[in-house]
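One structure is given here, and the rest of the page talks about it.
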Amino acid sequence: MHDNTIGTVMITEEQIIEKACEIGKQIEEDFAGREIVMVGILRGAVLWMADIMKHVNLDMTIDFMAVSSYGAATKSSGIVKINKDLDTDIEGKPVIIVEDIVDSGVTLNYLMGYFESRGAETIKICALMDKPEGRRVDIDVDYVGFEVDDRFIVGYGLDYDQKYRNLPYITWLKSE
């Protein structure tokens with residue numbers, strides 16, 4: 001499976017877990033005594049969200065959304081489609097969107113507006129990685145694991161055409 005199509009390890013599993021602990025404690029401080037709704041964006045954010053959750057000692061509801069803006073391409077199409085909506089009522093509640101990587105910002109910008117329309121009290125973004133060079137809309141990421149340069153990142157939940165999600169580290173795709 002892992003031939004010469006992927007690069008070397010950029011971020012190790014240990015670094016990711018250490019960062020999840022740090023961010024989890026920050027979320028706990030920021031929302032002390034509150035119940036939060038953590039929304040994972042499928043499928044890439046599953047591993048990262050699990051790591052974050054383990055380090056947040058607050059009452060929380062978790063839910064997932066599936067949205068697409070890529071398909072099998074390596075660049076965002078800019079069109080956001082909801083494939084699986086929330087099952088949780090978020091009205092009046094603090095929501096933390098957990099994302100694998102923030103690139104163009106188009107999907108998250110859409111989701112923030114969508115959650116506002118559903119009455120979320122506050123909306124924060126927690127991303128494993130941030131790729132500021134890829135931005136097409138101005139969006140702030142509240143909790144960032146790692147900043148990465150403009151490559152096609154895979155591993156630790158992130159895929160290329162459903163491959164490489166199960167790598168326990170972050171790397172990049174050499175050939176597209």
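So you can find residues: chains in the structure tokens are A, B, ... in the order shown, residues in each start at 1, and ligands are numbered from 1 in order.
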- Just the residues within 9 Å of segment 121-132 of chain A, please, counting only C-alpha atoms, with nothing from its chain fewer than 2 positions along; format it as a PyMOL selection string. chain A and resi 16+19-20+23+45+48-49+90-105+108+112+115-116+119+134-135+140-151
- Residues at most 8 Å from Arg34 of chain A, counting only C-alpha atoms, excluding those fewer than 2 positions away in the same chain, as a list in words? Phe31, Ala32, Ile36, Leu58 and Asp59 of chain A
Since we have the selection now, will you write its residues out, keeping N, CA and C atoms, as a CSV table (one decimal), in the first residue's frame?
chain,number,residue,atom,x,y,z
A,31,PHE,N,-14.4,26.5,28.2
A,31,PHE,CA,-15.8,26.1,28.4
A,31,PHE,C,-16.1,25.5,29.8
A,32,ALA,N,-15.3,25.9,30.8
A,32,ALA,CA,-15.4,25.4,32.1
A,32,ALA,C,-16.8,25.4,32.7
A,36,ILE,N,-20.8,21.1,26.1
A,36,ILE,CA,-20.5,21.4,24.7
A,36,ILE,C,-21.0,20.4,23.8
A,58,LEU,N,-15.3,17.6,30.3
A,58,LEU,CA,-16.6,18.3,30.4
A,58,LEU,C,-17.7,17.4,29.9
A,59,ASP,N,-18.9,17.8,30.3
A,59,ASP,CA,-20.1,17.1,29.7
A,59,ASP,C,-20.1,17.5,28.2
- Please measure the separation of atom CA of Leu173 of chain A and atom CA of Ile17 of chain A, giving the value in Å to one decimal.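 About the pair atom CA of Leu173 of chain A and atom CA of Ile17 of chain A: they are 22.4 Å apart.
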Skipping near chain neighbours, those fewer than 3 positions away, what residues fall within 7 Å of Gly44 of chain A using only C-alpha atoms, listed as an mmCIF file with C-alpha atoms, in the first residue's frame?
data_model
loop_
_atom_site.group_PDB
_atom_site.id
_atom_site.type_symbol
_atom_site.label_atom_id
_atom_site.label_comp_id
_atom_site.auth_asym_id
_atom_site.auth_seq_id
_atom_site.Cartn_x
_atom_site.Cartn_y
_atom_site.Cartn_z
ATOM 1 C CA ILE A 41 -16.601 16.319 10.120
ATOM 2 C CA ASP A 100 -8.968 17.313 9.951
ATOM 3 C CA GLY A 157 -7.700 10.145 8.960
ATOM 4 C CA LEU A 158 -6.892 12.147 5.826
#
- Item | Test item: residues at most 9 Å from Thr171 of chain A, only C-alpha atoms, excluding those fewer than 2 positions along its chain, as a ChimeraX atom specification | /A:6-11,152-156,167,169,173
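Among the candidates A:Gln26, A:Ser117, A:Thr107, A:Thr88, the one nearest to Val67 of chain A when counting only C-alpha atoms is A:Thr107.
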- Message: Just checking: using only C-alpha atoms, which residue out of A:Asp89, A:Arg118, A:Glu133, A:Arg43 ends up closest to Asp161 of chain A?
- Response: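 So, comparing all the options, the nearest one is A:Arg43.
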